[in-house]
Every structure is written in C-alpha cells, then in structure tokens.
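query38.tsv (TSV, C-alpha atoms (C1' of nucleotides))
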```tsv
chain	number	residue	atom	x	y	z
A	1468	MET	CA	133.22	112.29	92.75
A	1469	SER	CA	130.34	114.56	92.06
A	1470	VAL	CA	126.78	113.43	91.57
A	1471	SER	CA	123.81	115.67	92.11
A	1472	ARG	CA	120.16	116.10	91.36
A	1473	THR	CA	116.95	116.36	93.34
A	1474	ALA	CA	113.39	115.21	92.89
A	1475	THR	CA	110.88	117.26	94.80
A	1476	ASP	CA	108.09	116.56	92.37
A	1477	GLY	CA	107.43	113.34	90.56
A	1478	ALA	CA	108.77	114.66	87.28
A	1479	LYS	CA	111.94	113.23	85.86
A	1480	THR	CA	114.77	115.67	85.46
A	1481	GLN	CA	117.82	115.01	83.39
A	1482	ARG	CA	119.92	112.12	84.54
A	1483	GLY	CA	123.62	111.57	84.78
A	1484	SER	CA	123.36	107.88	84.07
A	1485	ARG	CA	124.86	106.08	81.13
A	1486	LYS	CA	121.39	104.90	80.11
A	1487	GLU	CA	119.54	108.01	79.01
A	1488	ALA	CA	121.29	109.65	76.13
A	1489	GLU	CA	124.42	110.53	74.24
A	1490	ASP	CA	127.05	110.32	76.92
A	1491	ALA	CA	128.53	108.47	73.97
A	1492	GLY	CA	130.34	105.93	76.04
A	1493	ILE	CA	132.26	108.07	78.48
A	1494	GLU	CA	134.55	105.98	80.68
A	1495	LEU	CA	134.09	106.41	84.41
A	1496	GLY	CA	137.40	104.72	85.08
A	1497	GLU	CA	138.53	104.36	88.69
A	1498	LEU	CA	135.54	106.46	89.75
A	1499	SER	CA	133.31	103.39	89.84
A	1500	GLU	CA	135.76	101.55	92.10
A	1501	MET	CA	135.89	104.28	94.70
A	1502	LEU	CA	133.33	104.09	97.46
A	1503	GLY	CA	132.37	107.74	97.45
A	1504	TYR	CA	130.99	107.89	93.95
A	1505	PRO	CA	128.43	105.06	94.06
A	1506	LEU	CA	127.71	105.98	97.67
A	1507	LYS	CA	126.62	109.46	96.74
A	1508	ARG	CA	124.66	108.27	93.70
A	1509	ALA	CA	122.88	105.64	95.76
A	1510	GLN	CA	122.06	108.17	98.45
A	1511	LEU	CA	120.49	110.51	95.91
A	1512	LYS	CA	118.46	107.68	94.39
A	1513	ILE	CA	117.21	106.54	97.77
A	1514	PHE	CA	116.21	110.00	98.92
A	1515	GLU	CA	114.54	110.64	95.58
A	1516	ASP	CA	112.46	107.50	95.90
A	1517	PHE	CA	111.71	108.26	99.53
A	1518	LEU	CA	110.36	111.67	98.51
A	1519	ARG	CA	108.21	110.05	95.83
A	1520	CYS	CA	106.82	107.50	98.28
A	1521	MET	CA	106.19	110.23	100.86
A	1522	ALA	CA	104.60	112.62	98.38
A	1523	PRO	CA	101.04	112.13	99.69
A	1524	LEU	CA	102.23	113.21	103.15
A	1525	GLN	CA	104.68	115.87	101.99
A	1526	LEU	CA	107.40	114.75	104.35
A	1527	THR	CA	111.10	115.03	103.62
A	1528	PRO	CA	113.54	112.46	104.99
A	1529	ALA	CA	114.64	115.01	107.60
A	1530	GLN	CA	111.07	115.75	108.70
A	1531	PHE	CA	110.23	112.07	108.86
A	1532	SER	CA	113.26	111.41	111.04
A	1533	VAL	CA	112.27	114.18	113.42
A	1534	LEU	CA	108.75	112.79	113.81
A	1535	LEU	CA	110.16	109.31	114.41
A	1536	LEU	CA	112.47	110.64	117.09
A	1537	LEU	CA	109.69	112.56	118.79
A	1538	GLU	CA	107.56	109.44	118.91
A	1539	ARG	CA	110.34	107.37	120.43
A	1540	ASN	CA	111.61	110.15	122.69
A	1541	PRO	CA	108.74	112.39	123.72
A	1542	GLY	CA	109.49	115.48	125.77
A	1543	ARG	CA	113.06	116.02	124.62
A	1544	ASN	CA	114.16	119.56	123.88
A	1545	GLN	CA	115.27	121.07	120.59
A	1546	THR	CA	118.97	120.84	121.31
A	1547	GLU	CA	118.73	117.12	122.02
A	1548	ILE	CA	116.65	116.20	118.97
A	1549	ALA	CA	118.60	118.42	116.61
A	1550	SER	CA	122.01	117.24	117.74
A	1551	THR	CA	120.98	113.59	117.55
A	1552	LEU	CA	120.12	114.09	113.90
A	1553	GLY	CA	123.15	116.22	113.17
A	1554	ILE	CA	121.04	119.30	112.62
A	1555	LEU	CA	122.45	122.55	113.95
A	1556	ARG	CA	120.18	124.24	116.47
A	1557	PRO	CA	119.71	127.43	114.47
A	1558	ASN	CA	118.62	125.43	111.43
A	1559	PHE	CA	116.26	123.32	113.48
A	1560	VAL	CA	114.13	126.34	114.37
A	1561	ALA	CA	112.61	126.86	110.90
A	1562	MET	CA	112.19	123.14	110.50
A	1563	LEU	CA	110.20	122.88	113.73
A	1564	ASP	CA	108.22	125.97	112.75
A	1565	GLY	CA	107.16	124.09	109.64
A	1566	LEU	CA	106.12	120.95	111.47
A	1567	GLU	CA	104.39	122.93	114.19
A	1568	SER	CA	102.46	125.10	111.71
A	1569	ARG	CA	101.18	121.88	110.16
A	1570	GLU	CA	100.21	120.81	113.68
A	1571	LEU	CA	102.32	117.66	113.53
A	1572	CYS	CA	104.20	118.49	116.71
A	1573	SER	CA	104.27	121.19	119.32
A	1574	ARG	CA	106.70	122.99	121.59
A	1575	VAL	CA	105.79	122.97	125.26
A	1576	ARG	CA	107.66	125.31	127.59
A	1577	SER	CA	109.34	123.31	130.34
A	1578	ALA	CA	108.24	124.07	133.90
A	1579	ASN	CA	111.61	123.16	135.39
A	1580	ASP	CA	113.76	125.04	132.94
A	1581	ARG	CA	111.81	127.76	131.24
A	1582	ARG	CA	114.47	128.18	128.57
A	1583	SER	CA	113.78	124.86	126.91
A	1584	HIS	CA	110.90	123.39	124.97
A	1585	HIS	CA	109.63	119.85	125.39
A	1586	LEU	CA	108.84	118.56	121.95
A	1587	VAL	CA	105.83	116.30	121.50
A	1588	LEU	CA	103.87	114.82	118.64
A	1589	THR	CA	100.30	115.98	118.29
A	1590	ASP	CA	97.56	113.45	117.57
A	1591	LYS	CA	97.66	114.62	114.00
A	1592	GLY	CA	101.41	114.10	114.02
A	1593	ARG	CA	101.03	110.58	115.37
A	1594	ALA	CA	98.48	109.79	112.68
A	1595	ALA	CA	100.67	111.23	109.94
A	1596	LEU	CA	103.64	109.28	111.23
A	1597	ALA	CA	101.65	106.05	111.21
A	1598	ARG	CA	100.77	106.60	107.57
A	1599	ALA	CA	104.33	107.69	106.79
A	1600	LYS	CA	105.73	104.49	108.24
A	1601	LYS	CA	103.57	102.44	105.91
A	1602	LEU	CA	104.75	104.42	102.90
A	1603	ALA	CA	108.35	104.11	104.07
A	1604	ALA	CA	107.87	100.38	104.47
A	1605	LYS	CA	106.94	100.10	100.80
A	1606	HIS	CA	110.07	101.98	99.92
A	1607	GLU	CA	112.17	99.61	102.02
A	1608	ALA	CA	110.34	96.59	100.62
A	1609	ARG	CA	111.32	97.60	97.10
A	1610	LEU	CA	114.91	97.64	98.28
A	1611	ASN	CA	114.53	94.18	99.70
A	1612	GLU	CA	113.30	93.05	96.30
A	1613	LEU	CA	116.27	94.57	94.54
A	1614	LEU	CA	119.01	93.36	96.88
A	1615	GLY	CA	117.47	90.48	98.75
A	1616	PRO	CA	116.76	90.74	102.48
A	1617	ALA	CA	120.13	89.38	103.61
A	1618	ASN	CA	122.08	91.74	101.38
A	1619	ARG	CA	119.97	94.68	102.40
A	1620	THR	CA	120.68	93.96	106.05
A	1621	ALA	CA	124.37	93.57	105.33
A	1622	LEU	CA	124.37	96.85	103.43
A	1623	VAL	CA	122.78	98.72	106.31
A	1624	ALA	CA	125.24	97.15	108.73
A	1625	MET	CA	128.26	98.16	106.67
A	1626	LEU	CA	127.01	101.70	106.17
A	1627	THR	CA	126.38	102.01	109.89
A	1628	LYS	CA	129.87	100.78	110.57
A	1629	VAL	CA	131.34	103.33	108.19
A	1630	ALA	CA	129.21	106.12	109.66
A	1631	ASP	CA	130.13	105.23	113.24
A	1632	GLU	CA	133.70	104.03	113.03
A	1633	PHE	CA	135.38	105.53	110.01
B	1	MET	CA	116.17	110.77	107.95
B	2	SER	CA	118.20	113.89	108.22
B	3	VAL	CA	121.93	113.99	108.84
B	4	SER	CA	124.10	116.92	107.92
B	5	ARG	CA	127.44	118.55	108.48
B	6	THR	CA	130.42	119.51	106.40
B	7	ALA	CA	134.16	119.54	106.90
B	8	THR	CA	135.96	121.99	104.70
B	9	ASP	CA	138.79	122.48	107.13
B	10	GLY	CA	140.37	119.88	109.34
B	11	ALA	CA	138.65	121.16	112.45
B	12	LYS	CA	136.02	119.08	114.13
B	13	THR	CA	132.58	120.58	114.30
B	14	GLN	CA	129.85	119.32	116.55
B	15	ARG	CA	128.74	115.81	115.84
B	16	GLY	CA	125.35	114.17	115.78
B	17	SER	CA	126.69	110.87	117.01
B	18	ARG	CA	125.72	109.15	120.19
B	19	LYS	CA	129.33	109.25	121.32
B	20	GLU	CA	130.13	112.88	121.89
B	21	ALA	CA	127.93	114.33	124.54
B	22	GLU	CA	124.64	114.45	126.35
B	23	ASP	CA	122.25	113.08	123.79
B	24	ALA	CA	121.37	111.34	127.02
B	25	GLY	CA	120.42	108.09	125.37
B	26	ILE	CA	118.02	109.18	122.68
B	27	GLU	CA	116.52	106.21	120.84
B	28	LEU	CA	116.91	106.22	117.08
B	29	GLY	CA	114.29	103.53	116.73
B	30	GLU	CA	113.41	102.32	113.23
B	31	LEU	CA	115.65	105.04	111.83
B	32	SER	CA	118.69	102.81	112.15
B	33	GLU	CA	116.96	100.00	110.23
B	34	MET	CA	116.06	102.17	107.26
B	35	LEU	CA	118.64	102.36	104.51
B	36	GLY	CA	118.48	106.10	103.95
B	37	TYR	CA	119.65	107.16	107.38
B	38	PRO	CA	122.95	105.24	107.62
B	39	LEU	CA	123.44	105.79	103.90
B	40	LYS	CA	123.43	109.53	104.30
B	41	ARG	CA	125.58	109.43	107.42
B	42	ALA	CA	128.13	107.20	105.74
B	43	GLN	CA	128.20	109.44	102.68
B	44	LEU	CA	128.94	112.48	104.82
B	45	LYS	CA	131.69	110.66	106.69
B	46	ILE	CA	133.30	109.45	103.49
B	47	PHE	CA	133.23	112.86	101.82
B	48	GLU	CA	134.57	114.45	105.01
B	49	ASP	CA	137.49	112.06	105.08
B	50	PHE	CA	138.06	112.47	101.36
B	51	LEU	CA	138.30	116.23	101.85
B	52	ARG	CA	140.78	115.74	104.68
B	53	CYS	CA	142.92	113.41	102.59
B	54	MET	CA	142.75	115.79	99.63
B	55	ALA	CA	143.50	118.89	101.71
B	56	PRO	CA	147.05	119.32	100.40
B	57	LEU	CA	145.69	119.47	96.85
B	58	GLN	CA	142.54	121.41	97.67
B	59	LEU	CA	140.33	119.18	95.55
B	60	THR	CA	136.69	118.43	96.31
B	61	PRO	CA	135.16	115.08	95.39
B	62	ALA	CA	133.41	116.76	92.46
B	63	GLN	CA	136.60	118.38	91.20
B	64	PHE	CA	138.52	115.14	91.54
B	65	SER	CA	135.88	113.29	89.56
B	66	VAL	CA	136.02	115.86	86.78
B	67	LEU	CA	139.81	115.55	86.52
B	68	LEU	CA	139.53	111.76	86.46
B	69	LEU	CA	136.99	111.93	83.66
B	70	LEU	CA	139.10	114.34	81.64
B	71	GLU	CA	142.07	112.03	81.92
B	72	ARG	CA	140.07	109.01	80.78
B	73	ASN	CA	138.07	110.91	78.17
B	74	PRO	CA	140.15	113.75	76.75
B	75	GLY	CA	138.54	116.14	74.30
B	76	ARG	CA	134.96	115.74	75.44
B	77	ASN	CA	132.83	118.84	75.70
B	78	GLN	CA	131.26	120.41	78.77
B	79	THR	CA	127.81	118.98	78.18
B	80	GLU	CA	129.17	115.44	78.01
B	81	ILE	CA	131.37	115.64	81.10
B	82	ALA	CA	128.79	117.49	83.17
B	83	SER	CA	125.91	115.17	82.30
B	84	THR	CA	127.99	112.07	82.99
B	85	LEU	CA	128.58	113.33	86.51
B	86	GLY	CA	125.03	114.54	87.01
B	87	ILE	CA	126.12	118.17	87.06
B	88	LEU	CA	123.81	120.61	85.33
B	89	ARG	CA	125.51	122.53	82.54
B	90	PRO	CA	124.98	125.97	84.07
B	91	ASN	CA	126.56	124.83	87.32
B	92	PHE	CA	129.47	123.27	85.52
B	93	VAL	CA	130.63	126.62	84.17
B	94	ALA	CA	131.86	128.06	87.47
B	95	MET	CA	133.35	124.73	88.39
B	96	LEU	CA	135.40	124.63	85.20
B	97	ASP	CA	136.35	128.28	85.66
B	98	GLY	CA	137.85	127.29	88.99
B	99	LEU	CA	139.82	124.37	87.59
B	100	GLU	CA	140.94	126.37	84.57
B	101	SER	CA	142.06	129.33	86.66
B	102	ARG	CA	144.22	126.91	88.64
B	103	GLU	CA	145.53	125.70	85.29
B	104	LEU	CA	144.48	122.12	85.95
B	105	CYS	CA	142.49	121.87	82.73
B	106	SER	CA	141.66	124.04	79.76
B	107	ARG	CA	138.85	124.65	77.32
B	108	VAL	CA	139.80	124.41	73.67
B	109	ARG	CA	137.36	125.74	71.09
B	110	SER	CA	136.43	123.01	68.67
B	111	ALA	CA	137.35	123.57	65.04
B	112	ASN	CA	134.41	121.52	63.72
B	113	ASP	CA	131.77	123.00	65.94
B	114	ARG	CA	132.79	126.37	67.23
B	115	ARG	CA	130.07	126.33	69.87
B	116	SER	CA	131.66	123.59	71.94
B	117	HIS	CA	134.80	123.31	74.01
B	118	HIS	CA	137.07	120.29	74.06
B	119	LEU	CA	138.16	119.80	77.64
B	120	VAL	CA	141.69	118.63	78.32
B	121	LEU	CA	143.94	118.24	81.32
B	122	THR	CA	147.01	120.46	81.41
B	123	ASP	CA	150.36	118.99	82.41
B	124	LYS	CA	149.84	120.58	85.80
B	125	GLY	CA	146.42	118.97	85.95
B	126	ARG	CA	147.87	115.58	85.09
B	127	ALA	CA	150.48	115.98	87.81
B	128	ALA	CA	147.90	117.08	90.36
B	129	LEU	CA	145.68	114.17	89.44
B	130	ALA	CA	148.55	111.72	89.87
B	131	ARG	CA	149.14	113.03	93.39
B	132	ALA	CA	145.42	113.09	94.08
B	133	LYS	CA	145.07	109.44	93.14
B	134	LYS	CA	147.70	108.51	95.70
B	135	LEU	CA	145.93	110.45	98.42
B	136	ALA	CA	142.60	108.91	97.39
B	137	ALA	CA	144.21	105.48	97.52
B	138	LYS	CA	145.10	106.02	101.18
B	139	HIS	CA	141.52	106.98	101.87
B	140	GLU	CA	140.27	103.81	100.17
B	141	ALA	CA	142.90	101.73	101.94
B	142	ARG	CA	141.57	102.90	105.31
B	143	LEU	CA	138.16	101.70	104.22
B	144	ASN	CA	139.61	98.34	103.31
B	145	GLU	CA	141.04	98.13	106.80
B	146	LEU	CA	137.71	98.94	108.38
B	147	LEU	CA	135.53	96.63	106.31
B	148	GLY	CA	137.89	94.10	104.85
B	149	PRO	CA	138.57	94.02	101.11
B	150	ALA	CA	135.79	91.55	100.28
B	151	ASN	CA	133.17	93.52	102.19
B	152	ARG	CA	134.32	96.77	100.70
B	153	THR	CA	133.95	95.34	97.21
B	154	ALA	CA	130.52	93.97	98.05
B	155	LEU	CA	129.50	97.34	99.47
B	156	VAL	CA	130.52	99.17	96.30
B	157	ALA	CA	128.70	96.58	94.19
B	158	MET	CA	125.47	96.93	96.16
B	159	LEU	CA	125.58	100.72	96.10
B	160	THR	CA	126.18	100.66	92.37
B	161	LYS	CA	123.23	98.35	91.95
B	162	VAL	CA	121.02	100.66	93.97
B	163	ALA	CA	122.24	103.71	92.06
B	164	ASP	CA	121.72	102.07	88.67
B	165	GLU	CA	118.66	99.88	89.13
B	166	PHE	CA	116.55	101.25	91.95
C	669	DT	C1'	128.91	132.85	133.59
C	670	DA	C1'	126.56	129.20	130.82
C	671	DT	C1'	122.72	127.40	128.18
C	672	DT	C1'	118.17	127.39	125.20
C	673	DG	C1'	116.02	129.03	121.62
C	674	DT	C1'	116.34	132.38	118.26
C	675	DT	C1'	117.70	135.86	114.52
C	676	DA	C1'	120.60	137.27	111.04
C	677	DT	C1'	123.59	136.08	107.73
C	678	DA	C1'	126.60	133.76	104.43
C	679	DC	C1'	128.23	130.21	101.56
C	680	DT	C1'	127.59	126.04	98.86
C	681	DC	C1'	124.60	123.02	95.90
C	682	DT	C1'	121.13	122.43	92.97
C	683	DA	C1'	117.61	124.00	89.69
C	684	DT	C1'	115.32	126.80	85.83
C	685	DA	C1'	114.83	130.41	82.36
C	686	DA	C1'	116.80	132.90	79.01
C	687	DC	C1'	120.59	134.95	76.46
C	688	DT	C1'	124.74	134.51	72.64
C	689	DA	C1'	127.00	132.42	69.21
C	690	DT	C1'	127.13	129.16	66.48
C	691	DA	C1'	125.02	125.30	63.60
D	124	DT	C1'	115.18	125.79	64.56
D	125	DA	C1'	118.27	123.61	67.62
D	126	DT	C1'	122.45	123.14	70.40
D	127	DA	C1'	126.77	124.62	73.48
D	128	DG	C1'	128.15	127.51	76.64
D	129	DT	C1'	126.81	131.08	79.53
D	130	DT	C1'	124.39	134.45	82.75
D	131	DA	C1'	121.21	135.45	86.18
D	132	DT	C1'	118.64	133.94	89.73
D	133	DA	C1'	116.24	131.31	93.18
D	134	DG	C1'	115.86	127.75	96.55
D	135	DA	C1'	117.54	124.28	99.59
D	136	DG	C1'	121.04	122.88	103.06
D	137	DT	C1'	124.54	124.00	106.12
D	138	DA	C1'	127.59	127.03	108.84
D	139	DT	C1'	128.80	130.83	112.42
D	140	DA	C1'	128.09	134.90	115.47
D	141	DA	C1'	125.36	137.11	118.55
D	142	DC	C1'	121.23	138.32	121.15
D	143	DA	C1'	117.25	137.68	124.82
D	144	DA	C1'	115.51	134.97	128.42
D	145	DT	C1'	116.61	131.98	131.86
D	146	DA	C1'	119.61	129.26	134.77
```

Let me see whether you can do it: turn the structure in this file into structure tokens.
Amino acid sequence: MSVSRTATDGAKTQRGSRKEAEDAGIELGELSEMLGYPLKRAQLKIFEDFLRCMAPLQLTPAQFSVLLLLERNPGRNQTEIASTLGILRPNFVAMLDGLESRELCSRVRSANDRRSHHLVLTDKGRAALARAKKLAAKHEARLNELLGPANRTALVAMLTKVADEF
Amino acid sequence: MSVSRTATDGAKTQRGSRKEAEDAGIELGELSEMLGYPLKRAQLKIFEDFLRCMAPLQLTPAQFSVLLLLERNPGRNQTEIASTLGILRPNFVAMLDGLESRELCSRVRSANDRRSHHLVLTDKGRAALARAKKLAAKHEARLNELLGPANRTALVAMLTKVADEF
DNA sequence: TATTGTTATACTCTATAACTATA
DNA sequence: TATAGTTATAGAGTATAACAATA
C-alpha cells in the first residue's frame, strides 16, 4: 500500500489514479483486493473533499472534531478531549492555541484543580460550528448520493467495527 | 475528525478509544455518524496491524505496494510506479534507495532513453515479496473473520468506489 | 509522588522549486 | 524545449522526554 496527497487549497495536484495520464495501464494486481489500499485512498479523498467543503470556515477535520466534542462535552480538560480524539497532549497544545487565537474556544482555569483547563466553545465558536455542520452535511449528502443511504450507513458501521474491534 | 497514532514497534501506545481509561464517558456525538472519522480510525488500525504482521520482513504498506507493483509490472520507470501509487517523484527517490540498498529491487538504466530507470525486483526481492504476501494474507484473513467474507468484499468495493468516483 | 499543561525536539510524510543529464 | 531522476527544503502530523505548577 502507499497512497498519498493532500489538498489544502482548491487546486488540483497530480493524481495517482488510472484516469489522468500515461500510467500506461499499470496493473495494480492484488493491491486492489487488499483492504488497506482502497481504505487509504478513500480516506484521502474524503478528507480532501471535507477540506474543500470547509474552506470558507478554514477548519480541518481535526479542528472540526474538537469543536464538536467541546459542544457535546463542555468543560472537559485538555487531556480528556485530546485522548478521546487520539491526539497526544503535547500536540494538542498548539492546536488549541490556534482555535483559541481565533476565539473559537477558550481555556478556563479550573477552580477545583488549578492544574487543568476547562475547555469551552465561545459564542463565535458555536456560530462557526453551526455553519460548519451545514457544510459537513453537504459533504455527507454527496456521499449518500454516491453510495445510497443504506450502503453509506453500512460502510460507516463496518469501519467502526474495524476501528473498535480489529 | 482527527484520529492519530502510529505503531512502528509492537508496543502499545496510548489509545484514543473509549475502552482504555478515564475518558469518563465523553460523547462523540455526530462524529460517529460522519464517514471521515471512523474511516480514519479504521485506516490507522489496519495499517498498524499490517505493520505488526509485516514486522519480520520490515516492510511498510508503501514498500509492500511498490514491490507488488514491480512484480506485476517489471521494467517500468520511477515516474510510472510512483505516480500509480500517488507518490511524488522526489519522495520516491529515498524510498527506492531504501529498497535497493536492501537488494529487494534495482534500477537499470534504460538503453533507449538513458534518463530513465527500469525498475525490477531482484531474486531476493521476489523471495521477500512471496513471504510478505503470506503474512499479508493472514492479516486479510483476520479481517474476513471479523466482518465475514461477503461484508469484507462489499467494504472493499465501497471504498474503491469512494476513492475512484467521489 | 502523580498529574496537567507545556516546551523542546525528532522523525516521518507530503509538497514544491530547481538542478543534471539526457532527449 | 521538455522529461527523468535527483537534491534541497519546508510544512504537516506524530512521537517521546522533561519541566513547572499543582495536587
């Protein structure tokens, strides 16, 4: 497996697909039958499209997921939010700095335990998240079109099973 | 979305899952219904397990996919192999250096066009690939156990569709 | 002594520009 | 001039160790 590529801006970069150019009929062979290869390619495509949809709000998938978690779980500390998302605490610091400097969330020193910060969405953060959800919904709707609602649900269920139980 | 973590060695690192520790019942909310989140988590799990299975051969998913492509498409040049896998040519150089220094493949200057290299597996590379395929088969077999063969096939088909058509 | 947030740091991936040698 | 391979480099993302403040 391999598969790479990013799309921060809207511009198309090169593409590893057999559509574009002169791959001149290279055979993928057993690669296409293994789960990992299409899984990675699909993940890149999805994130790419998510970024495009989210461009007006300038939110990455990771940032969006943090805002969602803060909305659903206000007042949690950094360790809790970071570990839930599989982000290491040291790496979460700069990420929060970014969100906080854009005034989308804020750190509030806990009264009980003055080591930890309660994390909360600001009003601006709540507003941005509301808009972001609508943009994300369009993204998901396009997937429903491509796969059909039942298949999309089944796909999410299988991926969740793999993520949780494999 | 977010989701991270790597597993180069066999050791367990921390985990973002709701199993391990004191996430103290944090709600994922709509995150679990979006495709991107479980997609990324599943991809990480799969690659992690692939690495574990491949540990005796010390092959990454990307390296394995290159060897597979060389076997199926001997004599292609770097540009062709790299672009098929979505690897940028500059980044493919070091990767090939690694495989070549382990004598798994070799670059052969083309007689027609002395700018390009025909890439071919060495005998050692063919042998390593044969072993690697067996280890990869175990990995895929475990997935078949988890999902059932029909579901696994459907999963691969849907991911391929997303990767190709979304 | 343990934990929270943090800094520093390093390593891998991915991306772009520009060089060289050929064509 | 264009292309193949390459170098240099920069930016994300991810990983670990260690420190200060607090418990």

Please produce, as a tab-separated table, a per-residue contact table for chain C versus chain A (criterion: any atom at most 12 Å away, all atoms listed in the file considered), showing the nearest atom pair and its distance in Å to one decimal, sorted by chain then residue number.
```
residue	atom	partner	partner_atom	distance
C:DT671	C1'	A:Arg1582	CA	8.3
C:DT672	C1'	A:Arg1582	CA	5.1
C:DG673	C1'	A:Ser1583	CA	7.1
C:DT674	C1'	A:Pro1557	CA	7.1
C:DT675	C1'	A:Pro1557	CA	8.7
C:DA676	C1'	A:Pro1557	CA	10.5
C:DT677	C1'	A:Pro1557	CA	11.6
C:DC681	C1'	A:Ser1471	CA	8.3
C:DT682	C1'	A:Arg1472	CA	6.6
C:DA683	C1'	A:Arg1472	CA	8.5
C:DT684	C1'	A:Thr1480	CA	11.1
```

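Taking CA of Leu1536 in chain A and CA of Leu28 in chain B as endpoints, the distance between them is 6.3 Å.
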
Kindly provide, as a list in words, the residues of chain B having any atom no farther than 6 Å from an atom of chain A, counting all atoms listed in the file.
Met1, Ser2, Val3, Ser4, Gly16, Asp23, Leu35, Pro38, Leu39, Arg41, Ala42, Lys45, Pro61, Ala62, Ser65, Glu80, Ser83, Thr84, Leu85, Gly86, Val156, Leu159, Thr160, Val162 and Ala163 of chain B

Contact check, chain D to chain B, at most 9 Å, counting all atoms listed in the file, closest pairs as a Markdown table:
```
| residue | atom | partner | partner_atom | distance |
| --- | --- | --- | --- | --- |
| D:DT126 | C1' | B:Arg115 | CA | 8.3 |
| D:DA127 | C1' | B:Arg115 | CA | 5.2 |
| D:DG128 | C1' | B:Ser116 | CA | 7.1 |
| D:DT129 | C1' | B:Pro90 | CA | 7.1 |
| D:DT130 | C1' | B:Pro90 | CA | 8.6 |
| D:DG136 | C1' | B:Ser4 | CA | 8.3 |
| D:DT137 | C1' | B:Arg5 | CA | 6.6 |
| D:DA138 | C1' | B:Thr6 | CA | 8.4 |
```

For Leu121 in chain B, find every residue with an atom within 7 Å (counting only C-alpha atoms (C1' of nucleotides)), except residues of its own chain fewer than 2 positions away, and show them as a list in words.
Leu70, Glu71, Leu104, Cys105, Ser106, Asp123, Gly125 and Arg126 of chain B

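Atom to atom, CA of Glu1515 in chain A and CA of Leu1563 in chain A stand 22.3 Å apart.
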